[in-house]
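data-v1.csv follows (CSV, C-alpha atoms):
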```
chain,number,residue,atom,x,y,z
A,1,MET,CA,-44.8,-1.6,47.0
A,2,PHE,CA,-41.8,-2.1,49.4
A,3,SER,CA,-41.6,-2.4,53.2
A,4,GLU,CA,-40.4,0.5,55.3
A,5,ARG,CA,-37.8,-1.8,56.9
A,6,THR,CA,-35.9,-1.7,53.5
A,7,LYS,CA,-36.2,2.0,53.0
A,8,TRP,CA,-32.4,2.6,53.2
A,9,ASN,CA,-30.4,5.4,51.8
A,10,LEU,CA,-28.7,3.5,49.0
A,11,ALA,CA,-26.8,6.5,47.7
A,12,VAL,CA,-23.1,5.8,47.3
A,13,ASN,CA,-21.1,7.7,50.0
A,14,ARG,CA,-18.2,10.0,49.1
A,15,LEU,CA,-15.5,7.6,50.1
A,16,SER,CA,-16.9,4.8,48.0
A,17,GLU,CA,-17.1,7.1,45.0
A,18,ALA,CA,-13.5,8.0,45.5
A,19,ARG,CA,-12.6,4.3,45.8
A,20,ALA,CA,-14.4,3.7,42.5
A,21,ARG,CA,-12.6,6.5,40.7
A,22,HIS,CA,-9.3,5.2,42.0
A,23,ARG,CA,-10.1,1.7,40.8
A,24,THR,CA,-10.5,3.0,37.2
A,25,SER,CA,-7.4,5.1,37.3
A,26,GLY,CA,-5.0,2.2,37.2
A,27,THR,CA,-3.0,3.7,40.1
A,28,ARG,CA,-1.7,1.3,42.8
A,29,LEU,CA,-3.9,0.9,45.9
A,30,PHE,CA,-2.6,0.3,49.4
A,31,ASP,CA,-5.7,-1.3,50.9
A,32,LEU,CA,-5.4,-1.1,54.7
A,33,THR,CA,-9.0,-2.2,55.2
A,34,ALA,CA,-8.3,-5.9,54.3
A,35,SER,CA,-10.9,-8.2,55.9
A,36,ASN,CA,-11.1,-11.1,53.5
A,37,PRO,CA,-8.5,-13.6,54.7
A,38,THR,CA,-8.7,-15.6,51.4
A,39,GLU,CA,-7.3,-12.5,49.6
A,40,CYS,CA,-4.5,-11.8,52.0
A,41,GLY,CA,-1.8,-14.3,50.8
A,42,PHE,CA,-2.2,-16.9,53.6
A,43,ASP,CA,-1.4,-20.5,52.8
A,44,TYR,CA,-4.4,-22.9,53.0
A,45,GLU,CA,-4.2,-26.6,53.1
A,46,ALA,CA,-6.1,-26.9,49.8
A,47,ARG,CA,-5.9,-30.7,49.4
A,48,ALA,CA,-7.3,-31.3,52.9
A,49,ILE,CA,-10.0,-28.6,52.6
A,50,LEU,CA,-11.3,-29.7,49.3
A,51,GLY,CA,-11.0,-33.4,50.2
A,52,ALA,CA,-13.2,-32.8,53.3
A,53,LEU,CA,-16.0,-31.6,50.9
A,54,GLN,CA,-16.1,-34.9,49.1
A,55,ASN,CA,-17.7,-37.0,51.9
A,56,PRO,CA,-20.1,-39.5,50.2
A,57,ARG,CA,-22.5,-38.9,53.1
A,58,ALA,CA,-23.3,-35.6,51.5
A,59,LEU,CA,-25.5,-37.5,49.1
A,60,ASP,CA,-27.9,-38.4,51.9
A,61,TYR,CA,-30.4,-35.9,53.2
A,62,GLU,CA,-30.6,-36.0,57.0
A,63,PRO,CA,-32.7,-33.0,58.1
A,64,ASN,CA,-31.8,-32.0,61.7
A,65,SER,CA,-33.1,-28.7,63.0
A,66,LYS,CA,-30.0,-28.2,65.1
A,67,GLY,CA,-27.6,-29.4,62.5
A,68,LEU,CA,-25.7,-32.7,61.9
A,69,GLU,CA,-24.4,-34.3,65.0
A,70,VAL,CA,-20.9,-34.7,63.5
A,71,ALA,CA,-20.6,-31.0,63.1
A,72,ARG,CA,-22.0,-30.1,66.5
A,73,CYS,CA,-19.6,-32.6,68.1
A,74,ALA,CA,-16.7,-30.7,66.4
A,75,VAL,CA,-18.1,-27.4,67.7
A,76,ALA,CA,-18.4,-28.8,71.2
A,77,LYS,CA,-14.8,-30.0,71.0
A,78,TYR,CA,-13.7,-26.6,69.9
A,79,CYS,CA,-15.5,-25.0,72.9
A,80,ALA,CA,-14.0,-27.5,75.3
A,81,GLU,CA,-10.5,-26.4,74.1
A,82,HIS,CA,-11.5,-23.0,75.4
A,83,GLY,CA,-12.6,-24.4,78.8
A,84,ALA,CA,-16.4,-24.4,78.0
A,85,ALA,CA,-18.2,-27.7,78.4
A,86,VAL,CA,-21.2,-27.4,76.0
A,87,PRO,CA,-23.9,-30.1,75.6
A,88,LEU,CA,-24.6,-31.0,71.9
A,89,ASP,CA,-28.3,-30.2,72.3
A,90,ASN,CA,-27.3,-26.6,73.2
A,91,ILE,CA,-25.6,-26.0,69.8
A,92,VAL,CA,-27.7,-24.8,66.8
A,93,LEU,CA,-25.8,-24.6,63.4
A,94,THR,CA,-26.5,-21.7,61.0
A,95,THR,CA,-24.9,-20.6,57.7
A,96,SER,CA,-23.4,-17.5,59.2
A,97,THR,CA,-23.2,-15.4,62.4
A,98,SER,CA,-25.5,-12.9,60.7
A,99,GLU,CA,-28.1,-15.7,60.4
A,100,ALA,CA,-27.4,-16.7,64.0
A,101,TYR,CA,-28.1,-13.1,65.1
A,102,SER,CA,-31.3,-13.1,63.1
A,103,PHE,CA,-32.5,-16.2,64.9
A,104,VAL,CA,-31.7,-14.7,68.3
A,105,PHE,CA,-33.3,-11.4,67.4
A,106,ARG,CA,-36.5,-13.2,66.3
A,107,LEU,CA,-36.4,-15.3,69.4
A,108,LEU,CA,-36.1,-12.4,71.8
A,109,CYS,CA,-37.8,-9.4,70.2
A,110,ASN,CA,-41.2,-8.2,69.1
A,111,PRO,CA,-41.2,-5.4,66.5
A,112,GLY,CA,-39.8,-2.2,68.1
A,113,ASP,CA,-38.1,-3.9,70.9
A,114,GLU,CA,-34.5,-2.8,71.8
A,115,LEU,CA,-31.1,-4.4,72.0
A,116,LEU,CA,-28.1,-2.6,73.6
A,117,ILE,CA,-25.0,-2.7,71.4
A,118,PRO,CA,-21.4,-1.3,72.0
A,119,ALA,CA,-20.0,1.8,70.4
A,120,PRO,CA,-17.5,1.8,68.8
A,121,GLY,CA,-18.7,-1.3,67.0
A,122,TYR,CA,-19.2,-3.1,63.7
A,123,PRO,CA,-21.7,-1.4,61.3
A,124,LEU,CA,-23.3,-4.6,60.0
A,125,PHE,CA,-25.5,-4.8,63.1
A,126,ALA,CA,-27.7,-1.9,62.0
A,127,PHE,CA,-28.8,-3.7,58.9
A,128,LEU,CA,-29.4,-7.0,60.8
A,129,ALA,CA,-31.6,-5.2,63.3
A,130,GLU,CA,-33.6,-3.2,60.8
A,131,ILE,CA,-34.4,-6.3,58.8
A,132,GLN,CA,-35.7,-7.9,62.0
A,133,ASP,CA,-37.7,-4.8,63.0
A,134,VAL,CA,-35.5,-4.4,66.1
A,135,LYS,CA,-34.1,-1.1,67.4
A,136,LEU,CA,-30.5,-0.8,68.4
A,137,VAL,CA,-29.5,1.4,71.3
A,138,ARG,CA,-25.8,2.1,71.7
A,139,TYR,CA,-23.9,2.0,75.0
A,140,PRO,CA,-20.4,3.5,75.1
A,141,LEU,CA,-17.0,1.8,75.4
A,142,ILE,CA,-14.6,4.1,77.1
A,143,TYR,CA,-10.8,4.3,76.7
A,144,ASP,CA,-8.4,4.9,79.5
A,145,HIS,CA,-5.1,3.0,78.9
A,146,GLY,CA,-7.4,0.3,77.5
A,147,TRP,CA,-11.1,-0.2,76.7
A,148,GLN,CA,-13.9,-0.9,79.2
A,149,ILE,CA,-17.7,-1.0,79.2
A,150,ASP,CA,-19.3,2.2,80.6
A,151,PHE,CA,-21.8,0.5,82.9
A,152,HIS,CA,-23.3,3.7,84.1
A,153,GLU,CA,-24.3,4.7,80.6
A,154,LEU,CA,-25.4,1.2,79.8
A,155,GLU,CA,-27.8,1.1,82.7
A,156,GLN,CA,-29.2,4.5,81.7
A,157,GLU,CA,-30.2,3.1,78.3
A,158,ILE,CA,-32.2,0.1,79.7
A,159,THR,CA,-36.0,0.5,79.2
A,160,SER,CA,-39.0,-1.8,79.5
A,161,ARG,CA,-38.4,-2.7,75.8
A,162,THR,CA,-34.8,-3.7,76.2
A,163,LYS,CA,-34.5,-7.4,75.5
A,164,GLY,CA,-30.8,-8.0,75.5
A,165,VAL,CA,-27.2,-6.7,75.6
A,166,ILE,CA,-24.7,-7.5,72.8
A,167,VAL,CA,-21.0,-7.9,73.5
A,168,VAL,CA,-18.4,-8.5,70.9
A,169,HIS,CA,-15.5,-10.5,72.5
A,170,PRO,CA,-13.0,-9.2,71.5
A,171,ASN,CA,-14.7,-6.1,70.0
A,172,ASN,CA,-14.3,-5.1,66.4
A,173,PRO,CA,-12.6,-2.7,65.9
A,174,THR,CA,-11.3,-1.8,69.5
A,175,GLY,CA,-9.8,-5.3,70.0
A,176,HIS,CA,-10.7,-5.5,73.7
A,177,PHE,CA,-12.0,-8.6,75.6
A,178,VAL,CA,-14.8,-8.6,78.1
A,179,LYS,CA,-13.2,-9.1,81.5
A,180,PRO,CA,-14.4,-11.6,84.1
A,181,GLN,CA,-15.6,-8.8,86.4
A,182,GLU,CA,-17.5,-7.2,83.5
A,183,LEU,CA,-19.1,-10.5,82.6
A,184,SER,CA,-20.3,-10.8,86.3
A,185,LYS,CA,-21.8,-7.3,86.1
A,186,LEU,CA,-23.5,-8.1,82.8
A,187,ASN,CA,-25.0,-11.3,84.3
A,188,ALA,CA,-26.3,-9.3,87.2
A,189,LEU,CA,-27.8,-6.6,85.1
A,190,CYS,CA,-29.4,-9.0,82.6
A,191,THR,CA,-30.9,-11.1,85.4
A,192,LEU,CA,-32.3,-8.0,87.2
A,193,HIS,CA,-33.9,-6.6,84.0
A,194,GLU,CA,-34.9,-9.9,82.4
A,195,MET,CA,-32.6,-9.4,79.5
A,196,ALA,CA,-30.4,-11.9,77.5
A,197,LEU,CA,-26.7,-11.6,76.9
A,198,ILE,CA,-25.6,-12.1,73.3
A,199,ALA,CA,-21.9,-12.7,72.9
A,200,ASP,CA,-20.2,-12.5,69.5
A,201,GLN,CA,-16.9,-14.5,69.7
A,202,VAL,CA,-15.8,-14.7,66.1
A,203,PHE,CA,-12.4,-13.2,67.0
A,204,LEU,CA,-11.9,-15.1,70.2
A,205,ASP,CA,-8.9,-17.1,69.0
A,206,PHE,CA,-6.9,-14.1,68.0
A,207,GLY,CA,-5.7,-12.7,71.3
A,208,LEU,CA,-2.3,-11.1,71.5
A,209,SER,CA,-1.7,-12.3,75.0
A,210,SER,CA,-0.4,-15.8,75.7
A,211,GLN,CA,-3.2,-16.1,78.2
A,212,GLY,CA,-6.4,-17.5,76.7
A,213,ALA,CA,-9.5,-15.4,76.8
A,214,ILE,CA,-12.6,-16.6,78.6
A,215,SER,CA,-15.4,-18.0,76.5
A,216,CYS,CA,-19.0,-17.2,77.2
A,217,ALA,CA,-20.3,-20.5,75.7
A,218,ALA,CA,-20.9,-22.0,79.1
A,219,ASN,CA,-22.0,-18.8,80.9
A,220,SER,CA,-24.7,-19.8,83.4
A,221,GLY,CA,-25.2,-16.5,85.2
A,222,THR,CA,-27.9,-15.3,82.8
A,223,LEU,CA,-29.6,-16.5,79.6
A,224,THR,CA,-26.7,-16.3,77.1
A,225,PHE,CA,-26.4,-16.8,73.3
A,226,THR,CA,-22.8,-17.3,72.1
A,227,LEU,CA,-22.1,-16.9,68.4
A,228,SER,CA,-19.2,-17.9,66.3
A,229,GLY,CA,-18.3,-19.6,63.1
A,230,LEU,CA,-15.7,-20.7,60.5
A,231,SER,CA,-15.4,-17.4,58.8
A,232,LYS,CA,-12.8,-15.9,61.2
A,233,ILE,CA,-11.8,-19.0,63.2
A,234,CYS,CA,-10.6,-20.9,60.1
A,235,GLY,CA,-10.4,-18.1,57.6
A,236,LEU,CA,-13.1,-19.7,55.5
A,237,PRO,CA,-15.9,-17.2,55.1
A,238,GLN,CA,-17.0,-18.9,51.8
A,239,MET,CA,-17.8,-22.2,53.6
A,240,LYS,CA,-20.8,-20.6,55.4
A,241,MET,CA,-20.9,-22.4,58.7
A,242,ALA,CA,-21.6,-20.8,62.1
A,243,TRP,CA,-23.4,-21.6,65.3
A,244,VAL,CA,-25.3,-20.2,68.3
A,245,ILE,CA,-24.9,-21.8,71.7
A,246,THR,CA,-27.5,-21.4,74.4
A,247,SER,CA,-26.6,-21.4,78.1
A,248,GLY,CA,-28.0,-20.0,81.4
A,249,PRO,CA,-30.4,-20.9,84.1
A,250,LYS,CA,-31.9,-24.3,83.2
A,251,GLU,CA,-35.5,-23.3,82.8
A,252,LEU,CA,-34.8,-20.3,80.6
A,253,GLU,CA,-32.2,-22.3,78.7
A,254,GLN,CA,-34.7,-25.0,77.9
A,255,GLN,CA,-37.4,-22.6,76.8
A,256,ALA,CA,-35.0,-20.7,74.6
A,257,LEU,CA,-33.7,-23.9,73.0
A,258,GLU,CA,-37.2,-25.2,72.2
A,259,ARG,CA,-38.2,-22.0,70.5
A,260,LEU,CA,-34.8,-21.7,68.7
A,261,GLU,CA,-35.1,-25.2,67.4
A,262,VAL,CA,-38.4,-24.3,65.7
A,263,ILE,CA,-36.9,-21.2,64.1
A,264,ALA,CA,-33.9,-23.3,62.8
A,265,ASP,CA,-36.2,-26.1,61.7
A,266,THR,CA,-38.2,-23.6,59.6
A,267,TYR,CA,-35.0,-22.8,57.5
A,268,LEU,CA,-32.7,-25.9,57.7
A,269,SER,CA,-30.2,-23.7,56.1
A,270,PRO,CA,-26.7,-25.3,56.7
A,271,ASN,CA,-25.7,-27.6,53.8
A,272,ALA,CA,-24.5,-31.2,54.2
A,273,PRO,CA,-21.1,-31.0,52.6
A,274,VAL,CA,-19.9,-28.1,54.8
A,275,GLN,CA,-21.4,-29.7,57.9
A,276,LEU,CA,-19.6,-33.0,57.3
A,277,ALA,CA,-16.4,-31.1,56.6
A,278,THR,CA,-16.6,-28.9,59.7
A,279,PRO,CA,-14.5,-31.3,61.9
A,280,THR,CA,-11.7,-31.2,59.4
A,281,PHE,CA,-11.9,-27.4,59.0
A,282,LEU,CA,-11.7,-26.9,62.8
A,283,GLU,CA,-8.7,-29.2,63.0
A,284,LEU,CA,-7.0,-27.2,60.3
A,285,ARG,CA,-7.6,-23.9,62.0
A,286,HIS,CA,-4.3,-23.9,64.0
A,287,GLY,CA,-2.1,-23.5,60.9
A,288,PHE,CA,-4.2,-20.6,59.6
A,289,GLN,CA,-4.4,-18.9,63.0
A,290,LYS,CA,-0.6,-19.1,63.4
A,291,GLN,CA,-0.1,-17.3,60.1
A,292,VAL,CA,-2.6,-14.6,61.0
A,293,MET,CA,-1.1,-13.9,64.4
A,294,ALA,CA,2.4,-13.8,63.1
A,295,ARG,CA,1.3,-11.2,60.5
A,296,VAL,CA,-0.7,-9.2,63.1
A,297,ARG,CA,2.3,-9.0,65.4
A,298,ARG,CA,4.7,-8.1,62.6
A,299,ASN,CA,2.4,-5.3,61.3
A,300,LEU,CA,1.9,-4.1,64.8
A,301,ALA,CA,5.6,-3.9,65.4
A,302,GLU,CA,6.0,-2.0,62.1
A,303,LEU,CA,3.3,0.4,63.2
A,304,ASP,CA,5.0,1.0,66.5
A,305,ARG,CA,8.4,1.5,64.8
A,306,GLN,CA,7.0,4.1,62.4
A,307,LEU,CA,4.9,5.9,65.1
A,308,ALA,CA,8.1,6.2,67.3
A,309,GLY,CA,9.6,8.5,64.6
A,310,GLN,CA,6.9,11.2,64.7
A,311,LYS,CA,4.5,12.9,67.2
A,312,ALA,CA,1.3,13.6,65.1
A,313,CYS,CA,-0.3,10.2,65.3
A,314,SER,CA,-0.6,7.4,67.9
A,315,ARG,CA,-2.4,4.1,68.3
A,316,LEU,CA,-4.7,2.8,70.9
A,317,GLU,CA,-4.0,-0.4,72.9
A,318,LEU,CA,-5.6,-3.6,71.7
A,319,GLU,CA,-5.8,-7.1,73.1
A,320,GLY,CA,-6.9,-9.1,70.1
A,321,GLY,CA,-8.5,-9.2,66.7
A,322,TRP,CA,-7.3,-8.1,63.3
A,323,TYR,CA,-7.6,-4.3,63.5
A,324,VAL,CA,-5.9,-1.3,65.2
A,325,ILE,CA,-7.2,2.2,65.8
A,326,LEU,CA,-5.0,5.1,64.8
A,327,ARG,CA,-5.4,8.4,66.6
A,328,VAL,CA,-4.9,11.3,64.1
A,329,PRO,CA,-5.1,15.1,64.4
A,330,ALA,CA,-8.8,16.0,64.2
A,331,VAL,CA,-8.3,18.9,61.8
A,332,GLN,CA,-11.0,17.6,59.4
A,333,THR,CA,-13.7,15.0,59.4
A,334,ASP,CA,-12.5,11.4,59.3
A,335,GLU,CA,-14.3,10.9,56.0
A,336,GLU,CA,-12.5,13.9,54.5
A,337,LEU,CA,-9.2,12.5,55.7
A,338,ALA,CA,-9.9,9.1,54.3
A,339,ILE,CA,-10.8,10.6,50.9
A,340,ARG,CA,-7.7,12.8,51.0
A,341,LEU,CA,-5.5,9.8,51.8
A,342,LEU,CA,-7.0,7.8,48.9
A,343,THR,CA,-6.8,10.5,46.3
A,344,ARG,CA,-3.4,11.9,47.3
A,345,THR,CA,-1.5,8.8,48.4
A,346,GLY,CA,-3.4,5.8,47.2
A,347,VAL,CA,-4.0,4.5,50.7
A,348,TYR,CA,-7.5,3.2,51.6
A,349,VAL,CA,-8.5,3.2,55.2
A,350,HIS,CA,-11.8,3.2,57.2
A,351,PRO,CA,-12.8,6.5,58.9
A,352,GLY,CA,-13.8,6.2,62.5
A,353,HIS,CA,-17.4,7.2,61.9
A,354,PHE,CA,-18.0,3.9,60.1
A,355,PHE,CA,-17.7,2.3,63.5
A,356,ASP,CA,-19.7,4.9,65.5
A,357,PHE,CA,-16.8,6.8,67.1
A,358,ALA,CA,-18.4,9.7,68.9
A,359,ASN,CA,-15.9,12.3,67.5
A,360,GLU,CA,-13.4,12.9,64.8
A,361,GLY,CA,-9.7,11.9,64.7
A,362,TRP,CA,-9.8,8.1,64.3
A,363,LEU,CA,-8.8,5.8,61.5
A,364,VAL,CA,-9.3,2.0,61.6
A,365,ILE,CA,-6.7,-0.1,59.8
A,366,SER,CA,-6.3,-3.8,59.2
A,367,LEU,CA,-3.5,-5.8,60.7
A,368,ILE,CA,-3.8,-8.7,58.2
A,369,ALA,CA,-3.0,-6.6,55.2
A,370,ALA,CA,0.1,-7.7,53.3
A,371,GLU,CA,3.2,-6.6,55.2
A,372,SER,CA,4.8,-4.6,52.4
A,373,ASP,CA,1.5,-2.8,51.6
A,374,PHE,CA,1.0,-2.2,55.3
A,375,ALA,CA,4.4,-0.6,55.8
A,376,GLU,CA,4.2,1.5,52.7
A,377,GLY,CA,0.6,2.6,53.3
A,378,LEU,CA,1.4,3.6,56.9
A,379,ASP,CA,4.5,5.5,55.8
A,380,ARG,CA,2.3,7.5,53.4
A,381,ILE,CA,-0.3,8.2,56.1
A,382,LEU,CA,2.3,9.5,58.5
A,383,ALA,CA,4.1,11.5,55.7
A,384,LEU,CA,0.8,13.2,54.9
A,385,HIS,CA,0.4,14.3,58.5
A,386,ALA,CA,4.0,15.4,58.7
A,387,ARG,CA,3.3,17.8,55.8
A,388,SER,CA,0.0,19.1,57.2
```

Just give me the structure as structure tokens.
Amino acid sequence: MFSERTKWNLAVNRLSEARARHRTSGTRLFDLTASNPTECGFDYEARAILGALQNPRALDYEPNSKGLEVARCAVAKYCAEHGAAVPLDNIVLTTSTSEAYSFVFRLLCNPGDELLIPAPGYPLFAFLAEIQDVKLVRYPLIYDHGWQIDFHELEQEITSRTKGVIVVHPNNPTGHFVKPQELSKLNALCTLHEMALIADQVFLDFGLSSQGAISCAANSGTLTFTLSGLSKICGLPQMKMAWVITSGPKELEQQALERLEVIADTYLSPNAPVQLATPTFLELRHGFQKQVMARVRRNLAELDRQLAGQKACSRLELEGGWYVILRVPAVQTDEELAIRLLTRTGVYVHPGHFFDFANEGWLVISLIAAESDFAEGLDRILALHARS
């Protein structure tokens, strides 16, 4: 009765089972996987946010396949602040970056076509691709005093069915940005093999360096789709507003926009109140981002302080984002370690295999967790390894 594309293994994994048992035990949980900013104790300008949703224009229905102009103007202004001049007609609004991915996947791929995706990387992509009948092929990121794309391996994975290369800028969970020289290589490869570049920039604003990261939104070296949205930028995942920006050689850009507009017109999914409020939300982002980066830096400093007092664990360098990778002794699988931490110490972390790490010995922890929970949870992680 059901399609093969939804034939997933829906059995609960061991870590989730352990998490459910802990939830019913009444024991305190130190959650170092925190990803929902609305549950992390940040202060939101509630009056301004709620007031922006009361625009009387929301009572009028103005169907626009690319989204309301007022919202697209706000997105264009945001891009300009990152040094990217983006025409309004090149912006298509969606309800989420997941939906933006689905539009681009449908635009580029026939069933069974392939997209290259970085590993380590975020696990959501696998579900997005399967639903769209697209095959994901992983290319490695390598670490040597910082992360970089393994271009040799990436090229080896290109076939006649490869339709695009996905980059996450900065990557989740490695926290590294695509460098200008890497972008130039990607442009050359995509042009040579007639592939598109898909750039996910949801964490672009959260760089640890004072130097701003480059945006791909105006990349003209190859056909490029740049995705972002309010979820991370403004800490408003519940408002369901994102966008995909098309750029590249003019002829390809125009063809892509014409087809993308038909896809978007078929759904017309963004709602009027949130579109009308988008300019306000984007203006308010600075206060939220300031809080996030202050917490990220304080938690990172606490991490470095505690790591300096022991030798069993270390962390990898990161350039931006909300997560840090902890290197731990690979004496058991990462899943077994995560379960052991949860059951013995009440600390909940993500094992590296969730993010397609090639081997054992990695934990991914959130830097936006409450500072007291972060410090105590980390102390318990390191104490467990000191006893091992």

Compile a residue-level contact table for segment 222-246 of chain A against segment 76-99 of chain A at a cut-off of 6 Å, reporting for every qualifying residue the shortest atom pair and its distance in Å to one decimal, with all atoms listed in the file counted, rows ordered by chain and ascending number, as CSV.
```
residue,atom,partner,partner_atom,distance
A:Lys240,CA,A:Thr95,CA,4.7
A:Met241,CA,A:Thr95,CA,4.5
A:Ala242,CA,A:Ser96,CA,4.7
A:Trp243,CA,A:Leu93,CA,4.3
A:Val244,CA,A:Val92,CA,5.4
A:Ile245,CA,A:Ile91,CA,4.7
A:Thr246,CA,A:Asn90,CA,5.3
```

Leaving out segment 61-65 of chain A and any residue of its chain fewer than 6 positions from it, which residues lie within 10 Å of it when counting all atoms listed in the file, given as a PyMOL selection string? chain A and resi 92-94+260-272

Between A:Glu360, A:Glu319, A:Glu153, A:Asp304, which residue has the minimum interatomic distance to Asn171 of chain A, considering only C-alpha atoms?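 The shortest atom-to-atom distance to Asn171 of chain A comes from A:Glu319.
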
Please provide as a ChimeraX atom specification all residues within 8 Å of Leu154 of chain A, with the sequence filter that same-chain residues fewer than 2 positions apart are discarded (counting all atoms listed in the file). /A:116,139-140,150-152,156-158

Contact check, segment 242-295 of chain A to segment 221-237 of chain A, at most 10 Å, counting all atoms listed in the file, closest pairs as a Markdown table:
```
| residue | atom | partner | partner_atom | distance |
| --- | --- | --- | --- | --- |
| A:Ala242 | CA | A:Gly229 | CA | 3.7 |
| A:Trp243 | CA | A:Ser228 | CA | 5.7 |
| A:Val244 | CA | A:Leu227 | CA | 4.6 |
| A:Ile245 | CA | A:Thr226 | CA | 5.0 |
| A:Thr246 | CA | A:Phe225 | CA | 4.9 |
| A:Ser247 | CA | A:Thr224 | CA | 5.2 |
| A:Gly248 | CA | A:Leu223 | CA | 4.2 |
| A:Pro249 | CA | A:Thr222 | CA | 6.3 |
| A:Lys250 | CA | A:Leu223 | CA | 8.9 |
| A:Glu251 | CA | A:Leu223 | CA | 9.6 |
| A:Leu252 | CA | A:Leu223 | CA | 6.5 |
| A:Glu253 | CA | A:Leu223 | CA | 6.4 |
| A:Ala256 | CA | A:Leu223 | CA | 8.5 |
| A:Thr278 | CA | A:Leu230 | CA | 8.3 |
| A:Phe281 | CA | A:Cys234 | CA | 6.7 |
| A:Leu282 | CA | A:Cys234 | CA | 6.7 |
| A:Glu283 | CA | A:Cys234 | CA | 9.0 |
| A:Leu284 | CA | A:Cys234 | CA | 7.3 |
| A:Arg285 | CA | A:Cys234 | CA | 4.6 |
| A:His286 | CA | A:Cys234 | CA | 8.0 |
| A:Gly287 | CA | A:Cys234 | CA | 8.9 |
| A:Phe288 | CA | A:Cys234 | CA | 6.4 |
| A:Gln289 | CA | A:Cys234 | CA | 7.1 |
| A:Val292 | CA | A:Gly235 | CA | 9.2 |
```

Using only C-alpha atoms, find all polymer residues with an atom at most 10 Å away from the point (-10.3, -10.7, 72.2); report them as JSON, numbers by chain. {"A": [168, 169, 170, 171, 172, 174, 175, 176, 177, 178, 179, 201, 202, 203, 204, 205, 206, 207, 208, 209, 212, 213, 214, 215, 318, 319, 320, 321, 322]}

Of the listed residues A:Arg315, A:His22, A:Arg72, A:Arg380, that which approaches Pro279 of chain A most closely, counting all atoms listed in the file: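 Smallest distance to Pro279 of chain A is found for A:Arg72.
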
Could you give me, as JSON, numbers by chain, the residues within 8 Å of segment 306-310 of chain A, counting all atoms listed in the file and dropping anything in the same chain fewer than 3 positions from it? {"A": [302, 303, 313, 314, 378, 379, 382, 386]}

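You can rank A:Trp362, A:Tyr323, A:Phe30, A:Phe374 by their closest distance to Val347 of chain A using all atoms listed in the file, and at the top of that list sits A:Phe30.
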
Taking (-23.0, -4.8, 71.7) as a centre in this file's frame and 10 Å as the limit, can you find every polymer residue with an atom that close, using only C-alpha atoms, and give them as a ChimeraX atom specification? /A:115-122,125,136-141,149,164-169,171,197-200

Point-to-point distance in Å for atom CA of Glu317 of chain A and atom CA of Leu189 of chain A: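 For atom CA of Leu189 of chain A relative to atom CA of Glu317 of chain A, the distance reads 27.5 Å.
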
Counting all atoms listed in the file, closest pick from A:Asn55, A:Ser102, A:Gln275, A:Ser16 relative to Ile339 of chain A is A:Ser16

Please indicate the distance in Å from atom CA of Asp334 of chain A to atom CA of Asn359 of chain A, rounded to one decimal place.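 Going from atom CA of Asp334 of chain A over to atom CA of Asn359 of chain A, I get 8.9 Å.
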